[in-house]
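Below: the structure, in structure tokens.
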Amino acid sequence: MTIQSDAPTHAASDITSAGLESPEAPQPDAQGEDWGPYGRPLFDDPDARALKRVGVVDVGSNSVRLVVFDGAARSPAYFYNEKIMCGLGAGLSETGKLNPKGRARALAALQRFQMLADGLLPYPLTVVATAAVRDASDGPEFCAEVEAATGLRIRVITGAEEARLSAQGVLLGWPGAYGLICDIGGSSMELAEIHDGEVGKCVTSNLGPLKLKDITGGRRGRKKHIDEVMTGLRDQMGDQRDRLFLVGGSWRAIARVDMLRRNYPLTVQHEYRMTAKDVRETAKFIEKNDLDKIRSDCGISSARMALVPYAVDVLARLVKTFRPKDIAISSYGIREGLLYEQMPERLRQRDPLIEAARFAEAKDARVPGFGKTLYTFVKPLFSGAPYAKLRLVKAACVLHDVSWRAHPDYRAEVCFDNATRANLGGLKHSERIFLGMALLHRYRNKRQGTHFEHLYDLLAPEKQKEAEILGKAMRFGAMLMVGEDQDIGSLRWQPRKRFLHVELPAASAPLFGEVAQSRLMSLVNALEAEVRVTVEGKRGALLQKDSRE
């Protein structure tokens with residue numbers, strides 16, 4: 001088994017699966033210290049600190065949501081997240097006004113959110129409103145009412161701005177991403193193109209489910225309308241054959257139904273992938289099955305589920321029109337785009353996974369900074385691996401000790417669960433499993449017998465082996481951990497000869513006790529290799545064994 005990833009063959013290959021390109025050169029800091037391609041951590045930079053506890057409110061046609069971001073700005077955690085299904089845009093096509101009941105609910109929600117913000121935030125809330133408020137004749141009146149009652153000033157954005165902010169939200173999770181962004185709300189649907197981390201053309205349409213409900217002619221009339229609008233969108237956007245990123249609650253609901261149909265084991269929606277065939281099969285599944293049963297099985301609200309049949313017709317036509325290479329669900333959208341808009345460019349270009357891992361290490365590890373040393377130690381086992389693999393190795397090393405407070409009997413499972421379900425950007429589902437499995441093996445030799453075995457098959461067997469080797473290498477390296485900048489020695493790996501040479505500095509030789517030797521042999525057995533351990537400046541080997549059968 002060679003510990004290597006396949007080399008990329010195209011710009012849209014797995015090396016950029018998260019939209020992350022390998023930097024051309026290492027990035028030394030101002031003091032000249034080389035931090036490698038990941039650069040010095042920026043989560044405690046003044047520009048990043050200014051983005052902590054940022055609160056944004058999205059007043060949509062269907063829902064009103066408050067999100068408070070905190071943590072590493074480049075990969076923020078959701079400190080607070082609350083949504084109220086108000087239905088502001090219900091009936092807008094017929095009356096030209098906001099739904100009265102929805103308007104009252106939205107005002108009550110905004111009063112609550114403002115009171116929460118007074119207690120939680122150092123800065124005022126940023127509030128934006130989309131299609132329903134901008135299209136309604138009483139939209140300005142509603143904004144004035146909200147300001148009088150709460151002091152909040154609502155920024156009513158255009159359709160093009162809505163598309164741009166959604167695209168920026170996608171870029172928060174996928175730096176350097178490429179493809180077509182489609183954000184569906186209650187009363188509109190926006191498209192935006194992104195290439196090389198930049199937002200290009202942006203267009204808006206009236207293909208929101210709340211407006212489609214009011215189209216005359218039943219489903220046939222609705223489909224005809226969708227076809228006509230989609231043809232116009234195709235003329236405006238041109239050829240879009242790369243990845244399709246889906247943003248919005250209706251798309252996420254459809255993804256949940258797709259997971260149900262496929263009996264998919266990992267219900268994390270961000271970076272969930274579908275194909276055109278999946279969309280067609282799920283559309284048939286929704287049409288043939290009871291919506292209440294689907295709603296109950298998927299945990300979708302009744303208000304959201306009522307819109308799914310309309311949204312799935314739009315998605316089916318969208319995929320047929322633009323024929324994307326693949327389809328990815330994005331949990332990031334307008335709200336995250338507002339945060340991204342406030343970031344300096346050097347922070348935007350950072351890998352969100354690495355920045356989040358470093359933030360966790362600084363906050364929770366026993367020896368913050370040792371992850372960098374451990375990464376240097378284990379990296380020779382992955383010589384020649386592309387950036388897409390090395391970033392996972394780096395993240396695992398930085399995260400290797402952040403769960404030490406968990407009970408020893410459950411520490412391995414806590415690590416796996418955190419990695420696979422945490423709010424982390426820039427991770428495919430298979431990469432989540434790789435990271436979780438590596439961290440599981442950091443604390444446990446065998447992965448059998450856990451509650452997560454049903455997830456293992458999302459990772460190919462050879463990748464499972466790589467994750468095991470990484471985990472056992474970290475398990476051994478952690479035995480040499482004393483301080484952040486300590487020299488713990490080096491590994492030299494010869495994959496063709498199946499030979500591992502461990503060289504320890506003289507000062508660290510006493511750390512190579514019985515438990516360390518046992519953990520090294522577990523790594524050697526996983527490698528199916530021969531090992532030799534030497535101490536710098538001394539003749540002879542401390543340990544030399546051949547574990548190959």
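Naming scheme: A, B, ... for chains in displayed order of the structure tokens; residues 1 onward per chain; ligands 1 onward as shown.
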Which of range 68-239 of chain A fall in alpha helix (DSSP H), as an mmCIF file with N, CA, C and O atoms, in the first residue's frame:
data_model
loop_
_atom_site.group_PDB
_atom_site.id
_atom_site.type_symbol
_atom_site.label_atom_id
_atom_site.label_comp_id
_atom_site.auth_asym_id
_atom_site.auth_seq_id
_atom_site.Cartn_x
_atom_site.Cartn_y
_atom_site.Cartn_z
ATOM 1 N N LEU A 92 -47.975 37.421 -2.356
ATOM 2 C CA LEU A 92 -47.468 38.681 -2.895
ATOM 3 C C LEU A 92 -47.846 38.875 -4.356
ATOM 4 O O LEU A 92 -48.171 39.992 -4.783
ATOM 5 N N SER A 93 -47.852 37.806 -5.137
ATOM 6 C CA SER A 93 -48.178 37.920 -6.561
ATOM 7 C C SER A 93 -49.598 38.420 -6.776
ATOM 8 O O SER A 93 -49.888 39.124 -7.749
ATOM 9 N N GLU A 94 -50.503 38.062 -5.870
ATOM 10 C CA GLU A 94 -51.904 38.447 -6.020
ATOM 11 C C GLU A 94 -52.189 39.840 -5.468
ATOM 12 O O GLU A 94 -52.910 40.635 -6.072
ATOM 13 N N THR A 95 -51.605 40.152 -4.302
ATOM 14 C CA THR A 95 -51.954 41.400 -3.620
ATOM 15 C C THR A 95 -50.960 42.528 -3.857
ATOM 16 O O THR A 95 -51.303 43.708 -3.702
ATOM 17 N N PRO A 100 -49.973 39.935 5.630
ATOM 18 C CA PRO A 100 -50.192 40.626 6.914
ATOM 19 C C PRO A 100 -49.757 39.808 8.127
ATOM 20 O O PRO A 100 -49.117 40.338 9.043
ATOM 21 N N LYS A 101 -50.121 38.525 8.144
ATOM 22 C CA LYS A 101 -49.720 37.689 9.274
ATOM 23 C C LYS A 101 -48.201 37.517 9.297
ATOM 24 O O LYS A 101 -47.580 37.551 10.366
ATOM 25 N N GLY A 102 -47.623 37.339 8.114
ATOM 26 C CA GLY A 102 -46.167 37.205 8.037
ATOM 27 C C GLY A 102 -45.471 38.473 8.479
ATOM 28 O O GLY A 102 -44.418 38.430 9.133
ATOM 29 N N ARG A 103 -46.053 39.599 8.134
ATOM 30 C CA ARG A 103 -45.466 40.883 8.519
ATOM 31 C C ARG A 103 -45.451 41.033 10.041
ATOM 32 O O ARG A 103 -44.454 41.481 10.622
ATOM 33 N N ALA A 104 -46.547 40.663 10.688
ATOM 34 C CA ALA A 104 -46.606 40.747 12.150
ATOM 35 C C ALA A 104 -45.604 39.795 12.791
ATOM 36 O O ALA A 104 -44.936 40.152 13.775
ATOM 37 N N ARG A 105 -45.490 38.584 12.240
ATOM 38 C CA ARG A 105 -44.536 37.613 12.788
ATOM 39 C C ARG A 105 -43.105 38.087 12.585
ATOM 40 O O ARG A 105 -42.250 37.916 13.460
ATOM 41 N N ALA A 106 -42.832 38.678 11.419
ATOM 42 C CA ALA A 106 -41.483 39.167 11.141
ATOM 43 C C ALA A 106 -41.112 40.297 12.092
ATOM 44 O O ALA A 106 -39.982 40.359 12.602
ATOM 45 N N LEU A 107 -42.029 41.198 12.347
ATOM 46 C CA LEU A 107 -41.751 42.297 13.263
ATOM 47 C C LEU A 107 -41.467 41.760 14.668
ATOM 48 O O LEU A 107 -40.518 42.207 15.334
ATOM 49 N N ALA A 108 -42.266 40.792 15.107
ATOM 50 C CA ALA A 108 -42.044 40.204 16.429
ATOM 51 C C ALA A 108 -40.681 39.512 16.489
ATOM 52 O O ALA A 108 -39.963 39.607 17.491
ATOM 53 N N ALA A 109 -40.318 38.815 15.416
ATOM 54 C CA ALA A 109 -39.024 38.138 15.374
ATOM 55 C C ALA A 109 -37.883 39.150 15.447
ATOM 56 O O ALA A 109 -36.899 38.947 16.172
ATOM 57 N N LEU A 110 -38.002 40.239 14.714
ATOM 58 C CA LEU A 110 -36.943 41.246 14.708
ATOM 59 C C LEU A 110 -36.834 41.956 16.057
ATOM 60 O O LEU A 110 -35.722 42.321 16.485
ATOM 61 N N GLN A 111 -37.946 42.134 16.737
ATOM 62 C CA GLN A 111 -37.876 42.702 18.081
ATOM 63 C C GLN A 111 -37.133 41.765 19.022
ATOM 64 O O GLN A 111 -36.323 42.207 19.847
ATOM 65 N N ARG A 112 -37.397 40.484 18.898
ATOM 66 C CA ARG A 112 -36.687 39.499 19.714
ATOM 67 C C ARG A 112 -35.197 39.489 19.375
ATOM 68 O O ARG A 112 -34.334 39.493 20.265
ATOM 69 N N PHE A 113 -34.883 39.485 18.076
ATOM 70 C CA PHE A 113 -33.485 39.426 17.661
ATOM 71 C C PHE A 113 -32.704 40.641 18.141
ATOM 72 O O PHE A 113 -31.543 40.544 18.539
ATOM 73 N N GLN A 114 -33.337 41.825 18.097
ATOM 74 C CA GLN A 114 -32.651 43.016 18.560
ATOM 75 C C GLN A 114 -32.361 42.940 20.058
ATOM 76 O O GLN A 114 -31.279 43.321 20.518
ATOM 77 N N MET A 115 -33.294 42.404 20.835
ATOM 78 C CA MET A 115 -33.069 42.268 22.269
ATOM 79 C C MET A 115 -31.941 41.269 22.542
ATOM 80 O O MET A 115 -31.090 41.486 23.421
ATOM 81 N N LEU A 116 -31.907 40.175 21.782
ATOM 82 C CA LEU A 116 -30.808 39.211 21.916
ATOM 83 C C LEU A 116 -29.471 39.864 21.572
ATOM 84 O O LEU A 116 -28.462 39.659 22.258
ATOM 85 N N ALA A 117 -29.466 40.650 20.509
ATOM 86 C CA ALA A 117 -28.230 41.300 20.072
ATOM 87 C C ALA A 117 -27.712 42.268 21.128
ATOM 88 O O ALA A 117 -26.489 42.380 21.336
ATOM 89 N N ASP A 118 -28.605 42.950 21.813
ATOM 90 C CA ASP A 118 -28.178 43.878 22.866
ATOM 91 C C ASP A 118 -27.394 43.160 23.947
ATOM 92 O O ASP A 118 -26.475 43.738 24.544
ATOM 93 N N GLY A 119 -27.748 41.909 24.211
ATOM 94 C CA GLY A 119 -27.049 41.160 25.248
ATOM 95 C C GLY A 119 -25.869 40.363 24.767
ATOM 96 O O GLY A 119 -24.987 40.020 25.558
ATOM 97 N N LEU A 120 -25.808 40.055 23.455
ATOM 98 C CA LEU A 120 -24.782 39.140 22.950
ATOM 99 C C LEU A 120 -23.684 39.799 22.139
ATOM 100 O O LEU A 120 -22.576 39.257 22.051
ATOM 101 N N ALA A 131 -36.289 39.469 -1.759
ATOM 102 C CA ALA A 131 -37.302 39.678 -2.798
ATOM 103 C C ALA A 131 -38.639 40.191 -2.292
ATOM 104 O O ALA A 131 -39.225 41.118 -2.878
ATOM 105 N N ALA A 132 -39.168 39.588 -1.223
ATOM 106 C CA ALA A 132 -40.512 39.974 -0.798
ATOM 107 C C ALA A 132 -40.580 41.456 -0.433
ATOM 108 O O ALA A 132 -41.475 42.182 -0.891
ATOM 109 N N VAL A 133 -39.624 41.926 0.382
ATOM 110 C CA VAL A 133 -39.652 43.313 0.825
ATOM 111 C C VAL A 133 -39.355 44.259 -0.337
ATOM 112 O O VAL A 133 -39.955 45.333 -0.441
ATOM 113 N N ARG A 134 -38.446 43.871 -1.227
ATOM 114 C CA ARG A 134 -38.118 44.780 -2.334
ATOM 115 C C ARG A 134 -39.232 44.842 -3.374
ATOM 116 O O ARG A 134 -39.378 45.844 -4.076
ATOM 117 N N ASP A 135 -40.044 43.785 -3.499
ATOM 118 C CA ASP A 135 -41.107 43.770 -4.507
ATOM 119 C C ASP A 135 -42.437 44.309 -3.983
ATOM 120 O O ASP A 135 -43.279 44.758 -4.778
ATOM 121 N N GLY A 139 -43.315 47.479 1.186
ATOM 122 C CA GLY A 139 -41.992 47.162 1.708
ATOM 123 C C GLY A 139 -41.363 48.328 2.455
ATOM 124 O O GLY A 139 -40.875 48.160 3.586
ATOM 125 N N PRO A 140 -41.339 49.549 1.862
ATOM 126 C CA PRO A 140 -40.766 50.697 2.594
ATOM 127 C C PRO A 140 -41.491 50.979 3.908
ATOM 128 O O PRO A 140 -40.867 51.336 4.912
ATOM 129 N N GLU A 141 -42.799 50.805 3.895
ATOM 130 C CA GLU A 141 -43.580 51.018 5.119
ATOM 131 C C GLU A 141 -43.168 50.016 6.200
ATOM 132 O O GLU A 141 -43.043 50.365 7.389
ATOM 133 N N PHE A 142 -42.965 48.756 5.796
ATOM 134 C CA PHE A 142 -42.537 47.728 6.738
ATOM 135 C C PHE A 142 -41.171 48.062 7.326
ATOM 136 O O PHE A 142 -40.954 47.941 8.536
ATOM 137 N N CYS A 143 -40.243 48.501 6.489
ATOM 138 C CA CYS A 143 -38.900 48.852 6.959
ATOM 139 C C CYS A 143 -38.968 49.997 7.968
ATOM 140 O O CYS A 143 -38.249 49.990 8.988
ATOM 141 N N ALA A 144 -39.821 50.976 7.692
ATOM 142 C CA ALA A 144 -39.968 52.102 8.608
ATOM 143 C C ALA A 144 -40.571 51.647 9.927
ATOM 144 O O ALA A 144 -40.170 52.117 11.010
ATOM 145 N N GLU A 145 -41.522 50.726 9.858
ATOM 146 C CA GLU A 145 -42.141 50.196 11.068
ATOM 147 C C GLU A 145 -41.113 49.460 11.920
ATOM 148 O O GLU A 145 -41.081 49.605 13.153
ATOM 149 N N VAL A 146 -40.275 48.662 11.268
ATOM 150 C CA VAL A 146 -39.231 47.921 11.990
ATOM 151 C C VAL A 146 -38.251 48.877 12.659
ATOM 152 O O VAL A 146 -37.889 48.714 13.832
ATOM 153 N N GLU A 147 -37.835 49.916 11.936
ATOM 154 C CA GLU A 147 -36.875 50.865 12.507
ATOM 155 C C GLU A 147 -37.480 51.604 13.699
ATOM 156 O O GLU A 147 -36.793 51.830 14.716
ATOM 157 N N ALA A 148 -38.743 51.960 13.602
ATOM 158 C CA ALA A 148 -39.396 52.664 14.703
ATOM 159 C C ALA A 148 -39.514 51.787 15.943
ATOM 160 O O ALA A 148 -39.366 52.262 17.076
ATOM 161 N N ALA A 149 -39.751 50.486 15.720
ATOM 162 C CA ALA A 149 -39.974 49.572 16.844
ATOM 163 C C ALA A 149 -38.682 49.029 17.437
ATOM 164 O O ALA A 149 -38.630 48.710 18.632
ATOM 165 N N THR A 150 -37.634 48.925 16.633
ATOM 166 C CA THR A 150 -36.419 48.245 17.090
ATOM 167 C C THR A 150 -35.145 49.064 16.948
ATOM 168 O O THR A 150 -34.128 48.733 17.563
ATOM 169 N N GLY A 159 -31.795 42.047 -6.599
ATOM 170 C CA GLY A 159 -31.588 40.655 -6.960
ATOM 171 C C GLY A 159 -30.142 40.360 -7.281
ATOM 172 O O GLY A 159 -29.608 39.297 -6.914
ATOM 173 N N ALA A 160 -29.471 41.295 -7.975
ATOM 174 C CA ALA A 160 -28.058 41.098 -8.306
ATOM 175 C C ALA A 160 -27.199 41.073 -7.046
ATOM 176 O O ALA A 160 -26.259 40.277 -6.930
ATOM 177 N N GLU A 161 -27.512 41.952 -6.078
ATOM 178 C CA GLU A 161 -26.770 41.940 -4.816
ATOM 179 C C GLU A 161 -26.996 40.643 -4.060
ATOM 180 O O GLU A 161 -26.080 40.093 -3.447
ATOM 181 N N GLU A 162 -28.227 40.158 -4.093
ATOM 182 C CA GLU A 162 -28.547 38.898 -3.429
ATOM 183 C C GLU A 162 -27.727 37.757 -4.031
ATOM 184 O O GLU A 162 -27.176 36.917 -3.314
ATOM 185 N N ALA A 163 -27.629 37.725 -5.356
ATOM 186 C CA ALA A 163 -26.827 36.701 -6.027
ATOM 187 C C ALA A 163 -25.358 36.820 -5.646
ATOM 188 O O ALA A 163 -24.682 35.819 -5.373
ATOM 189 N N ARG A 164 -24.853 38.056 -5.605
ATOM 190 C CA ARG A 164 -23.439 38.266 -5.272
ATOM 191 C C ARG A 164 -23.133 37.834 -3.838
ATOM 192 O O ARG A 164 -22.128 37.173 -3.578
ATOM 193 N N LEU A 165 -24.010 38.191 -2.902
ATOM 194 C CA LEU A 165 -23.780 37.815 -1.508
ATOM 195 C C LEU A 165 -23.839 36.300 -1.324
ATOM 196 O O LEU A 165 -23.053 35.726 -0.560
ATOM 197 N N SER A 166 -24.759 35.643 -2.010
ATOM 198 C CA SER A 166 -24.820 34.181 -1.935
ATOM 199 C C SER A 166 -23.544 33.558 -2.474
ATOM 200 O O SER A 166 -23.019 32.594 -1.905
ATOM 201 N N ALA A 167 -23.049 34.109 -3.577
ATOM 202 C CA ALA A 167 -21.794 33.607 -4.149
ATOM 203 C C ALA A 167 -20.640 33.815 -3.176
ATOM 204 O O ALA A 167 -19.770 32.952 -3.026
ATOM 205 N N GLN A 168 -20.625 34.962 -2.505
ATOM 206 C CA GLN A 168 -19.573 35.212 -1.521
ATOM 207 C C GLN A 168 -19.690 34.241 -0.341
ATOM 208 O O GLN A 168 -18.679 33.829 0.232
ATOM 209 N N GLY A 169 -20.916 33.864 0.007
ATOM 210 C CA GLY A 169 -21.092 32.869 1.049
ATOM 211 C C GLY A 169 -20.494 31.536 0.652
ATOM 212 O O GLY A 169 -19.864 30.849 1.471
ATOM 213 N N VAL A 170 -20.673 31.158 -0.606
ATOM 214 C CA VAL A 170 -20.056 29.923 -1.097
ATOM 215 C C VAL A 170 -18.531 30.032 -1.036
ATOM 216 O O VAL A 170 -17.837 29.089 -0.652
ATOM 217 N N LEU A 171 -17.999 31.196 -1.395
ATOM 218 C CA LEU A 171 -16.547 31.390 -1.346
ATOM 219 C C LEU A 171 -16.008 31.327 0.078
ATOM 220 O O LEU A 171 -14.825 31.032 0.277
ATOM 221 N N LEU A 172 -16.846 31.605 1.071
ATOM 222 C CA LEU A 172 -16.411 31.447 2.452
ATOM 223 C C LEU A 172 -16.040 29.989 2.728
ATOM 224 O O LEU A 172 -15.083 29.707 3.451
ATOM 225 N N GLY A 173 -16.806 29.066 2.149
ATOM 226 C CA GLY A 173 -16.529 27.649 2.360
ATOM 227 C C GLY A 173 -15.579 27.050 1.358
ATOM 228 O O GLY A 173 -14.896 26.069 1.653
ATOM 229 N N PRO A 209 -40.570 29.476 -4.918
ATOM 230 C CA PRO A 209 -41.748 28.613 -4.746
ATOM 231 C C PRO A 209 -43.014 29.353 -4.367
ATOM 232 O O PRO A 209 -44.105 28.982 -4.803
ATOM 233 N N LEU A 210 -42.909 30.410 -3.562
ATOM 234 C CA LEU A 210 -44.120 31.141 -3.179
ATOM 235 C C LEU A 210 -44.790 31.789 -4.382
ATOM 236 O O LEU A 210 -46.030 31.867 -4.450
ATOM 237 N N LYS A 211 -43.979 32.271 -5.340
ATOM 238 C CA LYS A 211 -44.561 32.863 -6.544
ATOM 239 C C LYS A 211 -45.068 31.791 -7.507
ATOM 240 O O LYS A 211 -46.075 31.991 -8.204
ATOM 241 N N LEU A 212 -44.389 30.644 -7.540
ATOM 242 C CA LEU A 212 -44.817 29.575 -8.440
ATOM 243 C C LEU A 212 -46.173 29.016 -8.027
ATOM 244 O O LEU A 212 -46.924 28.508 -8.880
ATOM 245 N N GLY A 218 -52.155 25.073 -13.300
ATOM 246 C CA GLY A 218 -51.709 23.865 -12.616
ATOM 247 C C GLY A 218 -50.238 23.585 -12.846
ATOM 248 O O GLY A 218 -49.447 24.472 -13.187
ATOM 249 N N ARG A 219 -49.877 22.314 -12.693
ATOM 250 C CA ARG A 219 -48.461 21.956 -12.827
ATOM 251 C C ARG A 219 -47.975 22.147 -14.256
ATOM 252 O O ARG A 219 -46.826 22.537 -14.473
ATOM 253 N N ARG A 220 -48.845 21.884 -15.230
ATOM 254 C CA ARG A 220 -48.437 22.075 -16.623
ATOM 255 C C ARG A 220 -48.118 23.546 -16.895
ATOM 256 O O ARG A 220 -47.098 23.859 -17.516
ATOM 257 N N GLY A 221 -48.988 24.447 -16.421
ATOM 258 C CA GLY A 221 -48.728 25.870 -16.599
ATOM 259 C C GLY A 221 -47.483 26.317 -15.858
ATOM 260 O O GLY A 221 -46.716 27.151 -16.355
ATOM 261 N N ARG A 222 -47.273 25.728 -14.676
ATOM 262 C CA ARG A 222 -46.088 26.080 -13.883
ATOM 263 C C ARG A 222 -44.813 25.632 -14.600
ATOM 264 O O ARG A 222 -43.824 26.376 -14.670
ATOM 265 N N LYS A 223 -44.819 24.418 -15.121
ATOM 266 C CA LYS A 223 -43.629 23.914 -15.810
ATOM 267 C C LYS A 223 -43.330 24.731 -17.060
ATOM 268 O O LYS A 223 -42.159 24.975 -17.385
ATOM 269 N N LYS A 224 -44.362 25.130 -17.759
ATOM 270 C CA LYS A 224 -44.152 25.959 -18.950
ATOM 271 C C LYS A 224 -43.505 27.282 -18.570
ATOM 272 O O LYS A 224 -42.568 27.751 -19.234
ATOM 273 N N HIS A 225 -43.983 27.873 -17.478
ATOM 274 C CA HIS A 225 -43.399 29.131 -17.006
ATOM 275 C C HIS A 225 -41.939 28.931 -16.605
ATOM 276 O O HIS A 225 -41.069 29.745 -16.952
ATOM 277 N N ILE A 226 -41.657 27.846 -15.882
ATOM 278 C CA ILE A 226 -40.278 27.563 -15.459
ATOM 279 C C ILE A 226 -39.377 27.409 -16.680
ATOM 280 O O ILE A 226 -38.255 27.941 -16.716
ATOM 281 N N ASP A 227 -39.853 26.683 -17.694
ATOM 282 C CA ASP A 227 -39.054 26.469 -18.901
ATOM 283 C C ASP A 227 -38.729 27.793 -19.580
ATOM 284 O O ASP A 227 -37.586 28.025 -20.010
ATOM 285 N N GLU A 228 -39.722 28.667 -19.687
ATOM 286 C CA GLU A 228 -39.507 29.960 -20.356
ATOM 287 C C GLU A 228 -38.494 30.812 -19.603
ATOM 288 O O GLU A 228 -37.585 31.404 -20.204
ATOM 289 N N VAL A 229 -38.646 30.883 -18.283
ATOM 290 C CA VAL A 229 -37.726 31.704 -17.481
ATOM 291 C C VAL A 229 -36.323 31.104 -17.524
ATOM 292 O O VAL A 229 -35.323 31.824 -17.656
ATOM 293 N N MET A 230 -36.233 29.777 -17.432
ATOM 294 C CA MET A 230 -34.920 29.135 -17.412
ATOM 295 C C MET A 230 -34.196 29.333 -18.743
ATOM 296 O O MET A 230 -32.968 29.491 -18.769
ATOM 297 N N THR A 231 -34.932 29.344 -19.844
ATOM 298 C CA THR A 231 -34.309 29.608 -21.143
ATOM 299 C C THR A 231 -33.705 31.006 -21.174
ATOM 300 O O THR A 231 -32.590 31.216 -21.671
ATOM 301 N N GLY A 232 -34.432 31.970 -20.616
ATOM 302 C CA GLY A 232 -33.900 33.326 -20.534
ATOM 303 C C GLY A 232 -32.673 33.411 -19.652
ATOM 304 O O GLY A 232 -31.707 34.127 -19.970
ATOM 305 N N LEU A 233 -32.663 32.687 -18.543
ATOM 306 C CA LEU A 233 -31.498 32.674 -17.659
ATOM 307 C C LEU A 233 -30.296 32.059 -18.361
ATOM 308 O O LEU A 233 -29.161 32.522 -18.206
ATOM 309 N N ARG A 234 -30.562 31.015 -19.143
ATOM 310 C CA ARG A 234 -29.475 30.367 -19.897
ATOM 311 C C ARG A 234 -28.879 31.344 -20.910
ATOM 312 O O ARG A 234 -27.652 31.405 -21.084
ATOM 313 N N ASP A 235 -29.707 32.131 -21.537
ATOM 314 C CA ASP A 235 -29.207 33.114 -22.497
ATOM 315 C C ASP A 235 -28.342 34.166 -21.804
ATOM 316 O O ASP A 235 -27.343 34.634 -22.371
ATOM 317 N N GLN A 236 -28.707 34.545 -20.595
ATOM 318 C CA GLN A 236 -27.947 35.567 -19.872
ATOM 319 C C GLN A 236 -26.646 35.022 -19.286
ATOM 320 O O GLN A 236 -25.626 35.706 -19.300
ATOM 321 N N MET A 237 -26.679 33.796 -18.777
ATOM 322 C CA MET A 237 -25.510 33.251 -18.074
ATOM 323 C C MET A 237 -24.539 32.528 -18.992
ATOM 324 O O MET A 237 -23.368 32.372 -18.657
#
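Interatomic distance, CA of Ala276 in chain A to CA of Thr321 in chain A: 10.9 Å.
The residue set within 8 Å of Leu542 in chain A, counting only C-alpha atoms and dropping same-chain residues fewer than 6 places from it, reads A:Arg532, A:Val533, A:Thr534, A:Val535.
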* Got a sec: who's within 6 Å of Ala192 in chain A, counting only C-alpha atoms, leaving out chain neighbours fewer than 3 positions off, as a ChimeraX atom specification? -> /A:163,180-181,201-202
* Structure fact -> CA of Cys397 in chain A sits from CA of Tyr78 in chain A at a separation of 24.0 Å
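Using only C-alpha atoms for every distance, the candidate list A:Arg261, A:Arg323, A:Leu543, A:Asp401 yields A:Arg323 as the residue closest to Asp239 in chain A.
Residues in contact with Val64 in chain A at 7 Å, where only C-alpha atoms are counted and same-chain residues fewer than 5 positions away are skipped, are listed as Asp58, Val59, Lys83, Ile84, Met85, Cys86 and Ala106 of chain A.
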Any chance you could export the current selection's C-alpha atoms as a short mmCIF file (atom, residue, chain, number, x, y, z; two decimals), in the first residue's frame?
data_model
loop_
_atom_site.label_atom_id
_atom_site.label_comp_id
_atom_site.auth_asym_id
_atom_site.auth_seq_id
_atom_site.Cartn_x
_atom_site.Cartn_y
_atom_site.Cartn_z
CA ASP A 58 -31.74 37.83 6.66
CA VAL A 59 -35.35 38.95 6.15
CA LYS A 83 -35.08 31.02 12.25
CA ILE A 84 -38.76 32.00 12.16
CA MET A 85 -40.88 30.84 9.21
CA CYS A 86 -42.86 34.05 8.62
CA ALA A 106 -41.48 39.17 11.14
#
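Reported to one decimal place, the separation of CA of Gly489 in chain A from CA of Glu503 in chain A is 5.5 Å.
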* Asked: Which one of A:Val308, A:Met259, A:Ala356, A:Leu500 sits closest to Asp70 in chain A if you count only C-alpha atoms?
  -> A:Ala356
* Asked: Out of range 317-547 of chain A, which residues get strand (DSSP E) from DSSP, as a ChimeraX atom specification?
  -> /A:326-330,490-494,499-504,530-535,541-546
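Ranking A:Ser301, A:Val56, A:His454, A:Pro344 by their shortest atom-to-atom distance to Tyr80 in chain A, with only C-alpha atoms included, puts A:Val56 first.
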* Ser61 in chain A environment, 6 Å, only C-alpha atoms, sequence neighbours closer than 6 positions dropped, as an MDAnalysis selection string -> chainID A and resid 87:89 132 186:187
Can you write just those residues out, N, CA and C atoms, as a PDB file, in the first residue's frame?
ATOM      1  N   GLY A  87     -43.210  33.676   6.233  1.00  0.00           N
ATOM      2  CA  GLY A  87     -44.007  33.701   5.007  1.00  0.00           C
ATOM      3  C   GLY A  87     -44.370  35.103   4.566  1.00  0.00           C
ATOM      4  N   LEU A  88     -43.424  36.023   4.655  1.00  0.00           N
ATOM      5  CA  LEU A  88     -43.692  37.407   4.243  1.00  0.00           C
ATOM      6  C   LEU A  88     -44.176  37.504   2.799  1.00  0.00           C
ATOM      7  N   GLY A  89     -43.656  36.612   1.950  1.00  0.00           N
ATOM      8  CA  GLY A  89     -43.980  36.712   0.527  1.00  0.00           C
ATOM      9  C   GLY A  89     -45.199  35.930   0.097  1.00  0.00           C
ATOM     10  N   ALA A 132     -39.168  39.588  -1.223  1.00  0.00           N
ATOM     11  CA  ALA A 132     -40.512  39.974  -0.798  1.00  0.00           C
ATOM     12  C   ALA A 132     -40.580  41.456  -0.433  1.00  0.00           C
ATOM     13  N   GLY A 186     -37.947  32.319  -1.110  1.00  0.00           N
ATOM     14  CA  GLY A 186     -39.374  32.102  -1.249  1.00  0.00           C
ATOM     15  C   GLY A 186     -39.949  32.729  -2.496  1.00  0.00           C
ATOM     16  N   SER A 187     -39.455  33.935  -2.864  1.00  0.00           N
ATOM     17  CA  SER A 187     -40.056  34.684  -3.973  1.00  0.00           C
ATOM     18  C   SER A 187     -39.132  34.879  -5.160  1.00  0.00           C
TER      19      SER A 187
END
